[in-house]
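S.K.: One structure, as structure tokens, below. Some questions next.
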Amino acid sequence: MKKCNSLKEVRDEVDKIDTKLVELISERSHLIRQAAGFKESINEVKADDRIEDIMQKVRKKAIELNVNPNMISDLFKIMIDEMVETEISELRNAGNF
């Protein structure tokens, strides 16, 4: 982790990370749209077991990195919920149900 020497430098680094986060979320979203093409039902989209697995992994990683696991869980829940809706829309647009 970079050691910053001023508030401006900290803010500049935070801005760089924010940009990377948005890019990664975009990349994830595009992959989720691709995943929709392999699914045939809402149950496959909702995939409760897969979601639970993801949540456990990100909580574990948060703990390892000394980040609040509840905050990470909340962020991922929002992201996953939105992406599930995106997948459902993709299925509807493809006429899969």
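Scheme for the structure tokens: letters A, B, ... for chains in order shown; per-chain residue numbers from 1; ligand numbers from 1 in order shown.
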Return as a PyMOL selection string the full set of residues in chain A whose backbone-based DSSP assignment is alpha helix (DSSP H).
M.R.: chain A and resi 7-36+42-46+48-64+69-94
S.K.: Would you tabulate, counting only C-alpha atoms, all residues of region 15-54 of chain A that have an atom at most 8 Å from an atom of region 83-90 of chain A, showing the closest pair of atoms and their distance in Å to one decimal, sorted by chain then ascending number, as a Markdown table?
M.R.:
```
| residue | atom | partner | partner_atom | distance |
| --- | --- | --- | --- | --- |
| A:Ser29 | CA | A:Met83 | CA | 6.6 |
| A:Ile32 | CA | A:Glu87 | CA | 6.7 |
| A:Arg33 | CA | A:Glu87 | CA | 5.9 |
| A:Ala35 | CA | A:Glu87 | CA | 7.8 |
| A:Ala36 | CA | A:Glu87 | CA | 5.3 |
| A:Gly37 | CA | A:Glu90 | CA | 7.8 |
| A:Ile42 | CA | A:Ile88 | CA | 6.6 |
| A:Val45 | CA | A:Val84 | CA | 6.4 |
| A:Lys46 | CA | A:Val84 | CA | 6.4 |
```
S.K.: When distances are computed from only C-alpha atoms, which of A:Ile80, A:Val58, A:Val67, A:Leu75 shows the smallest separation from Leu21 (chain A)?
M.R.: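 Among A:Ile80, A:Val58, A:Val67, A:Leu75, it is A:Leu75 that comes nearest to Leu21 (chain A).
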S.K.: Could you jot down the CA of Ser26 (chain A) to CA of Met79 (chain A) separation for me, Å, one decimal place?
M.R.: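 Between CA of Ser26 (chain A) and CA of Met79 (chain A) the gap is 10.8 Å.
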S.K.: Do you know which residues are at most 10 Å from Lys2 (chain A) counting only C-alpha atoms, after dropping those on the same chain fewer than 4 positions away, and could you put them as a PyMOL selection string?
M.R.: chain A and resi 9-10+13
S.K.: What's the separation between CA of Asp74 (chain A) and CA of Ile51 (chain A), in Å to one decimal place?
M.R.: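 It comes out at 12.9 Å.
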S.K.: From the set A:Ile25, A:Asp53, A:Leu91, A:Glu44, which residue has the shortest atom-to-atom contact distance to Ile78 (chain A), counting only C-alpha atoms?
M.R.: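 Of A:Ile25, A:Asp53, A:Leu91, A:Glu44, the one nearest Ile78 (chain A), counting only C-alpha atoms, is A:Ile25.
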